[in-house]
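Here's run-v1.cif, which has mmCIF, C-alpha atoms:
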data_coords
loop_
_atom_site.label_atom_id
_atom_site.label_comp_id
_atom_site.auth_asym_id
_atom_site.auth_seq_id
_atom_site.Cartn_x
_atom_site.Cartn_y
_atom_site.Cartn_z
CA MET A 8 19.58 -17.32 6.37
CA THR A 9 20.28 -16.50 2.74
CA SER A 10 18.08 -19.40 1.65
CA LYS A 11 15.26 -17.99 3.77
CA VAL A 12 15.61 -14.61 2.07
CA PHE A 13 15.70 -16.34 -1.28
CA ILE A 14 12.57 -18.40 -0.56
CA ASN A 15 10.68 -15.29 0.52
CA ILE A 16 11.69 -13.39 -2.61
CA ILE A 17 10.52 -16.28 -4.79
CA ARG A 18 7.27 -16.48 -2.82
CA PHE A 19 6.81 -12.74 -3.30
CA LEU A 20 7.20 -13.03 -7.08
CA ILE A 21 4.94 -16.08 -7.39
CA LEU A 22 2.18 -14.53 -5.31
CA VAL A 23 2.24 -11.23 -7.22
CA PHE A 24 2.12 -13.17 -10.48
CA LEU A 25 -0.76 -15.36 -9.26
CA GLN A 26 -2.69 -12.35 -8.03
CA VAL A 27 -2.26 -10.16 -11.10
CA PHE A 28 -2.61 -12.70 -13.87
CA ILE A 29 -4.81 -15.43 -12.45
CA LEU A 30 -6.87 -14.43 -9.42
CA GLU A 31 -7.77 -11.04 -10.90
CA ASN A 32 -9.18 -12.73 -13.95
CA ILE A 33 -11.44 -15.01 -11.98
CA ASN A 34 -14.56 -13.29 -10.85
CA LEU A 35 -17.69 -14.62 -9.36
CA ARG A 36 -20.47 -12.07 -9.49
CA GLY A 37 -18.27 -9.28 -8.20
CA TYR A 38 -18.52 -10.25 -4.55
CA ILE A 39 -15.68 -12.70 -4.34
CA ASN A 40 -12.19 -11.27 -4.83
CA PRO A 41 -9.64 -13.32 -2.97
CA TYR A 42 -6.38 -11.49 -2.34
CA LEU A 43 -4.01 -14.37 -1.84
CA TYR A 44 -0.94 -12.14 -2.11
CA VAL A 45 -1.23 -11.31 1.61
CA TYR A 46 -0.03 -14.90 2.19
CA PHE A 47 3.45 -13.42 1.79
CA ILE A 48 2.98 -11.19 4.84
CA LEU A 49 1.46 -14.06 6.85
CA LEU A 50 4.42 -16.35 6.15
CA LEU A 51 7.30 -13.96 6.84
CA PRO A 52 9.50 -15.50 9.58
CA PHE A 53 8.91 -14.46 13.19
CA GLU A 54 12.39 -13.02 13.48
CA THR A 55 11.85 -10.63 10.56
CA PRO A 56 12.88 -7.18 11.85
CA GLY A 57 10.09 -4.64 12.06
CA TRP A 58 11.43 -2.31 9.39
CA LEU A 59 11.80 -5.18 6.92
CA LEU A 60 8.27 -6.39 7.66
CA LEU A 61 6.85 -2.94 6.93
CA ILE A 62 9.04 -2.18 3.92
CA SER A 63 8.49 -5.54 2.22
CA SER A 64 4.73 -5.24 2.74
CA PHE A 65 4.88 -1.76 1.29
CA VAL A 66 6.71 -3.04 -1.77
CA LEU A 67 4.24 -5.93 -2.07
CA GLY A 68 1.20 -3.66 -1.98
CA PHE A 69 2.88 -1.21 -4.30
CA SER A 70 3.60 -3.93 -6.89
CA ILE A 71 -0.02 -5.07 -6.81
CA ASP A 72 -1.19 -1.46 -7.09
CA THR A 73 0.95 -0.64 -10.11
CA PHE A 74 -0.16 -3.77 -11.96
CA LEU A 75 -3.83 -3.33 -11.19
CA GLY A 76 -3.74 0.44 -11.70
CA THR A 77 -5.33 0.95 -8.29
CA MET A 78 -3.62 3.89 -6.68
CA GLY A 79 -2.24 3.10 -3.26
CA ILE A 80 -5.15 1.09 -1.87
CA HIS A 81 -3.25 -2.20 -1.70
CA THR A 82 -0.16 -0.42 -0.39
CA ALA A 83 -2.07 1.22 2.45
CA SER A 84 -3.88 -1.95 3.50
CA SER A 85 -0.77 -4.16 3.25
CA VAL A 86 1.23 -1.79 5.44
CA LEU A 87 -1.60 -1.72 7.98
CA MET A 88 -1.67 -5.51 7.99
CA ALA A 89 2.11 -5.70 8.50
CA PHE A 90 1.87 -3.22 11.36
CA SER A 91 -0.83 -5.30 13.06
CA ARG A 92 1.05 -8.57 12.65
CA PRO A 93 3.29 -8.37 15.77
CA LEU A 94 0.30 -7.27 17.88
CA VAL A 95 -1.81 -10.16 16.61
CA ILE A 96 1.00 -12.64 17.25
CA LYS A 97 1.27 -11.35 20.81
CA ALA A 98 -2.47 -11.46 21.32
CA ILE A 99 -3.12 -15.03 20.21
CA PRO A 100 -2.24 -17.58 22.87
CA SER A 101 -0.22 -20.48 21.58
CA ARG A 102 -0.11 -23.91 23.20
CA LYS A 103 3.43 -24.44 22.04
CA ASP A 104 6.23 -22.14 23.14
CA PHE A 105 7.88 -20.04 20.53
CA GLU A 106 11.24 -21.48 19.65
CA PRO A 107 13.86 -19.94 17.40
CA GLY A 108 13.45 -21.12 13.82
CA MET A 109 9.69 -21.56 14.12
CA LYS A 110 7.56 -20.33 11.27
CA PRO A 111 4.00 -19.04 11.34
CA SER A 112 2.48 -22.18 9.84
CA ILE A 113 0.06 -24.97 10.60
CA SER A 114 2.87 -27.50 10.88
CA ASP A 115 4.73 -25.51 13.55
CA LEU A 116 1.94 -23.99 15.60
CA GLY A 117 -1.17 -25.99 14.88
CA PHE A 118 -4.31 -25.39 12.88
CA LEU A 119 -6.21 -23.35 15.44
CA TRP A 120 -3.37 -20.89 15.99
CA PHE A 121 -2.73 -20.41 12.28
CA PHE A 122 -6.44 -20.13 11.53
CA SER A 123 -7.08 -17.34 14.03
CA TYR A 124 -3.82 -15.59 13.12
CA SER A 125 -4.69 -15.57 9.42
CA LEU A 126 -8.34 -14.74 9.96
CA ILE A 127 -7.64 -11.62 12.03
CA LEU A 128 -4.92 -10.31 9.72
CA ILE A 129 -6.89 -11.02 6.53
CA LEU A 130 -9.92 -9.27 8.00
CA ILE A 131 -7.82 -6.22 8.90
CA HIS A 132 -6.37 -6.14 5.39
CA HIS A 133 -9.68 -6.62 3.58
CA LEU A 134 -11.58 -4.15 5.76
CA ALA A 135 -8.99 -1.47 5.00
CA LEU A 136 -8.81 -2.40 1.32
CA PHE A 137 -12.52 -2.41 0.53
CA TYR A 138 -13.37 0.71 2.51
CA ILE A 139 -10.46 2.70 1.08
CA GLU A 140 -11.49 1.53 -2.38
CA VAL A 141 -15.05 2.84 -2.22
CA PHE A 142 -13.93 5.78 -0.04
CA ARG A 143 -17.36 6.44 1.36
CA PHE A 144 -19.61 5.00 3.98
CA THR A 145 -22.79 4.81 1.95
CA ASP A 146 -23.43 1.20 1.03
CA PHE A 147 -21.71 0.40 4.32
CA PHE A 148 -23.28 -3.02 4.68
CA ASN A 149 -22.84 -3.93 1.07
CA THR A 150 -19.12 -3.24 1.36
CA PHE A 151 -19.03 -5.14 4.64
CA LEU A 152 -20.63 -8.15 3.00
CA ARG A 153 -17.96 -8.03 0.30
CA VAL A 154 -15.25 -7.87 2.99
CA VAL A 155 -16.64 -10.93 4.76
CA ILE A 156 -17.11 -13.04 1.64
CA SER A 157 -13.73 -12.14 0.14
CA SER A 158 -11.95 -12.71 3.47
CA PHE A 159 -13.50 -16.15 3.66
CA PHE A 160 -12.17 -17.05 0.22
CA THR A 161 -8.73 -15.59 0.86
CA LEU A 162 -8.55 -17.58 4.09
CA LEU A 163 -9.69 -20.72 2.29
CA LEU A 164 -6.91 -20.29 -0.30
CA VAL A 165 -4.36 -19.62 2.43
CA ILE A 166 -5.31 -22.83 4.28
CA ILE A 167 -5.29 -24.82 1.02
CA ALA A 168 -1.83 -23.40 0.25
CA GLN A 169 -0.67 -24.44 3.71
CA TYR A 170 -1.74 -28.04 3.15
CA LEU A 171 -0.45 -28.14 -0.44
CA PHE A 172 3.02 -27.03 0.58
CA PHE A 173 2.95 -28.67 3.99
CA LYS A 174 5.93 -30.92 3.37
CA ALA A 175 7.96 -28.28 1.63
CA SER A 176 7.51 -25.73 4.40
CA GLY A 177 8.21 -28.34 7.07
CA LYS A 178 11.66 -28.95 5.74
CA ASN A 179 12.82 -25.42 5.10
CA MET B 254 16.23 16.94 21.12
CA ARG B 255 18.31 13.91 21.90
CA ASN B 256 15.44 12.49 23.90
CA LEU B 257 13.16 12.96 20.94
CA PHE B 258 15.56 11.09 18.67
CA SER B 259 15.97 8.23 21.08
CA TYR B 260 12.19 8.11 21.51
CA ILE B 261 11.67 7.93 17.74
CA LEU B 262 14.39 5.30 17.48
CA LYS B 263 12.72 3.21 20.16
CA GLN B 264 9.33 3.58 18.57
CA TYR B 265 10.68 3.37 15.05
CA PHE B 266 8.25 0.58 14.11
CA PHE B 267 5.29 2.86 14.73
CA PHE B 268 6.85 5.89 13.04
CA LEU B 269 7.92 3.89 10.00
CA PHE B 270 4.37 2.57 9.79
CA LEU B 271 3.01 6.12 9.91
CA LEU B 272 5.45 7.29 7.27
CA LEU B 273 4.58 4.44 4.89
CA GLU B 274 0.84 4.96 5.39
CA VAL B 275 1.23 8.66 4.63
CA ILE B 276 3.03 7.77 1.40
CA ALA B 277 0.35 5.18 0.53
CA PHE B 278 -2.46 7.65 1.13
CA SER B 279 -0.72 10.27 -0.95
CA PHE B 280 -1.07 7.76 -3.81
CA VAL B 281 -4.74 7.21 -3.02
CA LEU B 282 -5.54 10.91 -2.89
CA GLN B 283 -3.44 12.19 -5.76
CA ASN B 284 -5.02 14.39 -8.39
CA ASN B 285 -5.15 13.83 -12.14
CA PHE B 286 -1.86 15.51 -12.91
CA GLN B 287 0.05 13.61 -10.23
CA ARG B 288 -1.57 10.37 -11.33
CA ALA B 289 -0.44 10.94 -14.89
CA THR B 290 3.16 11.59 -13.81
CA PHE B 291 3.01 8.54 -11.59
CA LEU B 292 1.72 6.37 -14.42
CA ASN B 293 4.37 7.77 -16.71
CA SER B 294 7.08 6.42 -14.46
CA THR B 295 5.53 3.08 -13.55
CA GLY B 296 3.51 2.50 -16.70
CA LYS B 297 6.51 1.60 -18.85
CA VAL B 298 7.47 -1.39 -16.73
CA THR B 299 4.02 -2.71 -15.92
CA GLY B 300 2.69 -1.90 -19.38
CA THR B 301 5.49 -3.89 -20.99
CA ILE B 302 4.92 -6.88 -18.69
CA LEU B 303 1.16 -6.74 -19.18
CA SER B 304 1.61 -6.53 -22.97
CA ALA B 305 3.92 -9.54 -22.91
CA MET B 306 1.45 -11.58 -20.86
CA ASN B 307 -1.32 -10.43 -23.12
CA ASN B 308 0.56 -11.75 -26.14
CA VAL B 309 0.46 -15.18 -24.54
CA SER B 310 -3.19 -15.18 -23.56
CA GLU B 311 -4.15 -13.69 -26.89
CA TYR B 312 -3.60 -17.01 -28.62
CA LEU B 313 -6.26 -18.58 -26.48
CA THR B 314 -8.87 -16.05 -27.44
CA LEU B 315 -7.84 -15.51 -31.04
CA LYS B 316 -10.71 -17.47 -32.50
CA ARG B 317 -13.41 -15.57 -30.70
CA ALA B 318 -11.74 -12.24 -31.42
CA ASN B 319 -11.55 -13.10 -35.11
CA GLU B 320 -15.20 -14.03 -35.24
CA LYS B 321 -16.09 -10.72 -33.72
CA LEU B 322 -13.95 -8.80 -36.19
CA VAL B 323 -15.45 -10.67 -39.15
CA ASN B 324 -18.95 -9.89 -37.95
CA GLU B 325 -18.07 -6.29 -37.52
CA ASN B 326 -16.44 -6.09 -40.94
CA ALA B 327 -19.59 -7.50 -42.46
CA HIS B 328 -21.64 -4.93 -40.64
CA LEU B 329 -19.40 -2.09 -41.80
CA ARG B 330 -19.47 -3.39 -45.35
CA ASN B 331 -23.23 -3.10 -45.20
CA LEU B 332 -22.85 0.56 -44.42
CA LEU B 333 -20.68 1.31 -47.46
CA PRO B 334 -22.33 3.47 -50.11
CA ASP B 335 -21.96 0.56 -52.55
CA SER B 336 -24.24 -1.51 -50.43
CA TYR B 337 -27.14 0.80 -51.03
CA LEU B 338 -29.20 0.63 -54.15
CA ILE B 339 -29.57 4.33 -54.53
CA THR B 340 -26.50 6.31 -53.62
CA ASP B 341 -26.59 9.99 -53.18
CA LYS B 342 -22.88 10.68 -53.37
CA GLU B 343 -23.41 14.40 -52.99
CA GLU B 344 -24.18 13.96 -49.32
CA HIS B 345 -20.94 12.32 -48.32
CA TYR B 346 -18.36 14.93 -47.48
CA SER B 347 -15.36 13.48 -45.78
CA ARG B 348 -14.44 16.77 -44.18
CA ASP B 349 -17.78 16.77 -42.45
CA SER B 350 -16.87 13.75 -40.43
CA MET B 351 -17.36 14.30 -36.74
CA TYR B 352 -15.60 11.34 -35.21
CA ARG B 353 -12.46 9.38 -35.88
CA TYR B 354 -11.83 5.95 -34.39
CA ILE B 355 -8.51 4.61 -33.16
CA GLY B 356 -8.30 0.85 -32.71
CA ALA B 357 -6.48 -0.37 -29.61
CA LYS B 358 -5.90 -3.58 -27.74
CA VAL B 359 -6.92 -4.12 -24.13
CA ILE B 360 -3.87 -5.26 -22.17
CA SER B 361 -5.40 -5.31 -18.73
CA ASN B 362 -8.95 -5.27 -17.55
CA SER B 363 -10.89 -5.97 -14.39
CA VAL B 364 -14.54 -6.36 -13.52
CA ASN B 365 -14.44 -7.38 -9.87
CA HIS B 366 -13.57 -4.13 -8.13
CA GLN B 367 -15.78 -1.20 -7.28
CA LYS B 368 -13.66 1.00 -9.50
CA ASN B 369 -12.59 -0.89 -12.56
CA TYR B 370 -10.07 0.35 -15.10
CA LEU B 371 -8.71 -0.91 -18.40
CA MET B 372 -5.30 -0.39 -19.87
CA LEU B 373 -4.90 0.05 -23.64
CA ASN B 374 -1.73 -0.50 -25.66
CA LYS B 375 -1.93 2.92 -27.29
CA GLY B 376 -1.39 6.38 -25.88
CA SER B 377 -0.80 10.01 -26.68
CA ARG B 378 1.67 9.06 -29.40
CA HIS B 379 -1.23 7.51 -31.30
CA GLY B 380 -3.52 10.48 -30.77
CA ILE B 381 -5.34 9.41 -27.64
CA ALA B 382 -6.07 12.07 -25.02
CA ARG B 383 -8.00 12.40 -21.80
CA ASP B 384 -11.82 12.36 -21.90
CA MET B 385 -12.12 10.36 -25.08
CA GLY B 386 -14.79 7.70 -25.24
CA VAL B 387 -13.99 4.00 -25.68
CA ILE B 388 -16.37 1.55 -27.34
CA THR B 389 -16.45 -1.88 -28.96
CA SER B 390 -18.64 -3.05 -31.79
CA ASP B 391 -21.16 -4.16 -29.14
CA GLY B 392 -21.40 -0.91 -27.22
CA ILE B 393 -19.93 1.49 -24.73
CA VAL B 394 -16.82 0.62 -22.67
CA GLY B 395 -15.55 3.67 -20.81
CA THR B 396 -13.69 6.96 -20.84
CA VAL B 397 -9.96 7.62 -21.11
CA VAL B 398 -8.72 9.11 -17.83
CA ASP B 399 -4.93 9.04 -18.17
CA VAL B 400 -2.52 8.79 -21.07
CA THR B 401 1.18 8.14 -21.33
CA PRO B 402 3.03 8.14 -24.66
CA GLN B 403 2.52 4.37 -25.08
CA PHE B 404 -0.47 3.43 -22.97
CA SER B 405 -3.75 4.78 -21.79
CA ARG B 406 -5.92 4.09 -18.81
CA VAL B 407 -9.67 3.89 -19.20
CA MET B 408 -12.29 4.32 -16.53
CA SER B 409 -14.63 1.44 -17.22
CA VAL B 410 -18.41 1.67 -17.27
CA LEU B 411 -17.99 -0.62 -14.27
CA HIS B 412 -16.80 2.19 -11.99
CA ILE B 413 -19.12 3.33 -9.23
CA ASN B 414 -18.41 6.99 -9.99
CA ASN B 415 -18.86 6.71 -13.74
CA LYS B 416 -22.15 8.20 -14.90
CA ILE B 417 -23.23 7.94 -18.52
CA ASN B 418 -25.84 10.05 -20.24
CA GLY B 419 -28.28 7.47 -21.56
CA ARG B 420 -31.43 7.65 -23.59
CA ILE B 421 -34.31 5.26 -23.95
CA LEU B 422 -34.39 4.44 -27.64
CA LYS B 423 -38.13 4.03 -28.09
CA ASN B 424 -39.28 7.30 -26.54
CA ASN B 425 -36.12 9.43 -26.35
CA HIS B 426 -36.35 9.98 -22.61
CA LEU B 427 -33.05 10.76 -20.96
CA GLY B 428 -31.65 8.98 -17.93
CA THR B 429 -28.33 8.35 -16.25
CA VAL B 430 -26.67 4.95 -16.36
CA GLU B 431 -24.68 3.94 -13.30
CA TRP B 432 -23.08 0.72 -12.21
CA THR B 433 -24.64 -1.16 -9.32
CA GLY B 434 -21.21 -2.18 -8.03
CA ASN B 435 -22.21 -5.82 -7.82
CA TYR B 436 -22.48 -8.03 -10.85
CA TYR B 437 -20.54 -6.92 -13.89
CA ARG B 438 -23.37 -7.61 -16.35
CA ASN B 439 -25.88 -5.35 -14.61
CA GLY B 440 -26.16 -1.61 -14.25
CA MET B 441 -29.00 0.71 -13.51
CA LEU B 442 -30.78 3.47 -15.31
CA VAL B 443 -31.71 6.14 -12.79
CA ASP B 444 -33.85 9.29 -12.96
CA ILE B 445 -36.57 7.78 -15.13
CA PRO B 446 -39.57 10.16 -14.98
CA MET B 447 -42.72 8.74 -13.39
CA HIS B 448 -44.84 8.72 -16.53
CA VAL B 449 -42.38 6.71 -18.64
CA GLU B 450 -43.27 3.09 -19.28
CA LEU B 451 -40.41 0.65 -19.64
CA TYR B 452 -40.45 -3.04 -20.39
CA PRO B 453 -37.78 -5.72 -20.28
CA GLY B 454 -35.85 -5.67 -23.54
CA ASP B 455 -36.14 -1.92 -24.15
CA THR B 456 -32.89 -0.52 -25.49
CA ILE B 457 -30.76 2.13 -23.79
CA ILE B 458 -28.31 4.06 -25.96
CA THR B 459 -25.95 6.98 -25.36
CA SER B 460 -27.70 10.31 -25.55
CA GLY B 461 -25.07 12.24 -27.47
CA ASN B 462 -25.40 15.06 -24.97
CA SER B 463 -21.83 14.72 -23.83
CA LEU B 464 -18.74 15.51 -25.87
CA ILE B 465 -17.39 12.05 -25.18
CA PHE B 466 -19.72 9.63 -26.93
CA PRO B 467 -21.55 10.01 -30.21
CA GLU B 468 -25.27 9.52 -30.14
CA GLY B 469 -26.72 6.06 -30.38
CA ILE B 470 -23.94 3.87 -29.02
CA MET B 471 -25.48 0.80 -27.42
CA VAL B 472 -25.41 0.75 -23.63
CA GLY B 473 -27.74 -2.09 -22.67
CA THR B 474 -31.27 -3.39 -22.41
CA VAL B 475 -33.77 -3.16 -19.59
CA GLU B 476 -33.94 -6.29 -17.51
CA GLU B 477 -36.29 -5.32 -14.74
CA TYR B 478 -38.40 -2.26 -14.05
CA ASN B 479 -40.66 -1.90 -11.07
CA LYS B 480 -42.35 1.44 -10.96
CA LEU B 481 -42.95 2.67 -7.44
CA PRO B 482 -46.24 4.58 -7.20
CA ASN B 483 -45.03 7.47 -5.03
CA GLU B 484 -41.64 8.11 -6.55
CA LYS B 485 -41.15 10.95 -9.01
CA PHE B 486 -38.11 9.27 -10.50
CA ASN B 487 -37.61 5.54 -10.81
CA THR B 488 -34.72 3.17 -11.37
CA ALA B 489 -34.50 0.28 -13.80
CA LEU B 490 -32.11 -2.63 -13.76
CA ILE B 491 -30.35 -2.99 -17.11
CA GLN B 492 -28.11 -5.57 -18.66
CA TYR B 493 -25.06 -4.20 -20.43
CA ALA B 494 -24.71 -4.92 -24.11
CA VAL B 495 -20.99 -5.52 -23.75
CA ASP B 496 -19.56 -8.45 -21.84
CA TYR B 497 -16.87 -6.51 -19.97
CA ASN B 498 -15.11 -9.66 -18.93
CA ASN B 499 -14.50 -10.46 -22.56
CA LEU B 500 -12.77 -7.48 -24.21
CA TYR B 501 -9.96 -7.73 -26.74
CA TYR B 502 -10.05 -4.84 -29.17
CA VAL B 503 -11.70 -1.52 -28.58
CA TYR B 504 -12.10 1.76 -30.44
CA VAL B 505 -11.14 5.08 -28.96
CA ILE B 506 -13.34 7.88 -30.23
CA VAL B 507 -11.75 11.17 -31.22
CA ASN B 508 -14.33 13.92 -31.37
CA LEU B 509 -13.03 16.15 -34.16
CA LYS B 510 -15.47 18.93 -33.38
CA LYS B 511 -14.88 18.97 -29.66
CA LYS B 512 -12.92 22.22 -29.57
CA GLU B 513 -15.58 23.98 -31.57
CA GLN B 514 -18.35 22.64 -29.34
CA MET B 515 -16.49 23.59 -26.20
CA ARG B 516 -15.91 27.10 -27.48
CA LEU B 517 -19.62 27.48 -27.88
CA GLU B 518 -20.30 26.20 -24.39
CA LYS B 519 -17.71 28.43 -22.81
CA ASN B 520 -18.86 31.67 -24.43
CA PRO B 521 -22.61 31.79 -24.10
CA THR B 522 -24.29 34.66 -25.87
CA ASN B 523 -25.27 37.50 -23.66
CA ASP B 524 -29.01 37.64 -24.04
CA GLN B 525 -29.56 40.89 -22.24
#
Translate the structure of the given file into structure tokens.
Amino acid sequence: MTSKVFINIIRFLILVFLQVFILENINLRGYINPYLYVYFILLLPFETPGWLLLISSFVLGFSIDTFLGTMGIHTASSVLMAFSRPLVIKAIPSRKDFEPGMKPSISDLGFLWFFSYSLILILIHHLALFYIEVFRFTDFFNTFLRVVISSFFTLLLVIIAQYLFFKASGKN
Amino acid sequence: MRNLFSYILKQYFFFLFLLLEVIAFSFVLQNNFQRATFLNSTGKVTGTILSAMNNVSEYLTLKRANEKLVNENAHLRNLLPDSYLITDKEEHYSRDSMYRYIGAKVISNSVNHQKNYLMLNKGSRHGIARDMGVITSDGIVGTVVDVTPQFSRVMSVLHINNKINGRILKNNHLGTVEWTGNYYRNGMLVDIPMHVELYPGDTIITSGNSLIFPEGIMVGTVEEYNKLPNEKFNTALIQYAVDYNNLYYVYVIVNLKKKEQMRLEKNPTNDQ
């Protein structure tokens, strides 16, 4: 239990660092901004209590916001994503039964389950994020295009991260 | 009452969500004063971390930064009175100077959002205040929006709500420069009157009509201009003179005559 908490705290710190100092400095024509930090919310254990899920997502978004100087937009969208997570988990049918100790990962629940789970939650997060950022509905389709492209790249990074740390996450 | 409590307790997940979203949106919607207080409390921690990281990455870009500074020094040297053959010393009064420049280092910067901001390693302690212009040797960068004692936050030219008073150098026509929100090298010059001819390569500079930027700071060059026959005002695509993804040192402009100018604008003469 304590090791699980520890691993999640380390993951939190690494993802915030990656986001603020590396991913934010990569830009490809302004349309592609992957927000890999949401990987933290995706990977929180199933048995995480609701309050902890919401509070840790709040702290995550808040950390990103303070570093990027964006006021509250990451906080609001991260909290929304955390709130949707239990609903999404309930909504997606899984071939395997949920067992205690299972983690939301490709190794435990299969590619298709993890893919749809991540896709829906990333879309929710990015939709909220990009529309709160511009705070207007003019350029609606332009913003939507940015949501779709960025979600694709975030998802791609999430899947790559899953395969990179496949072994490590299988053991813990 | 007890029922209400037990209801809230049962539905605590939803109510906690609501509470956190309300807090988050209060950050999004805060006004300038609240934002400054907020930055004052968080800026110390993040500013220190960003400065530390910047010290590391600075080594990697040192060469390019040095080259830029040397070029700029050479340019400034050319402007010294000694560089001119005939010097009319009588015309140089130091107390007539209109602007003072404060050098600062960029410790965080972004170009891939719709609303991009920069953070500088100097603040009110060094004489920086709100609504001061920020430039580099290449051209315009942005406007200071918040200051703390140690740091300041700059609204970049790459901010969809940032509008700059521009002027077409060759014919002195005024226009507004806005960011397209897409690629960080391109902006647009809007409100170009129908009769104005523009060609790729034409220079856009600051108009000097605002109290923020002096006249003649480079903004960019025209990249594409398609005049529509039935439009009274047209839009041109411009390329920014500054590579905003590549900023190290900037100058903050202090307008020494701002108070005097503002006094004039606030008390217009009563004509009647």
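Using all atoms listed in the file, the shortest contact distance between chain A and any of B:Leu500, B:Val364, B:Val359, B:Leu329 is found at B:Val364.
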Residue nearest chain A - candidates B:Asn326, B:Asn374, B:Ser363, B:Asn293, atoms counted: all atoms listed in the file: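 Of B:Asn326, B:Asn374, B:Ser363, B:Asn293, the one nearest chain A is B:Ser363, counting all atoms listed in the file.
Selecting chain A residues within 8 Å of chain B and counting only C-alpha atoms yields Glu31, Asn32, Asn34, Leu35, Arg36, Gly37, Tyr38, Ile39, Asn40, Gly57, Trp58, Leu61, Phe65, Thr73, Phe74, Leu75, Gly76, Met78, Gly79, Ile80, Thr82, Ala83, Val86, Leu87, Phe90, Glu140 and Val141 of chain A.
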Distance of CA of Pro100 in chain A from CA of Gln169 in chain A, expressed in Å to one decimal place: 20.4 Å
Protein and nucleic acid residues near (-12.7, 12.6, -32.8) (cut-off 7 Å, only C-alpha atoms) as a ChimeraX atom specification: /B:351-354,506-510
Two-atom distance - CA of Tyr42 in chain A, CA of Val95 in chain A (Å): 19.5 Å
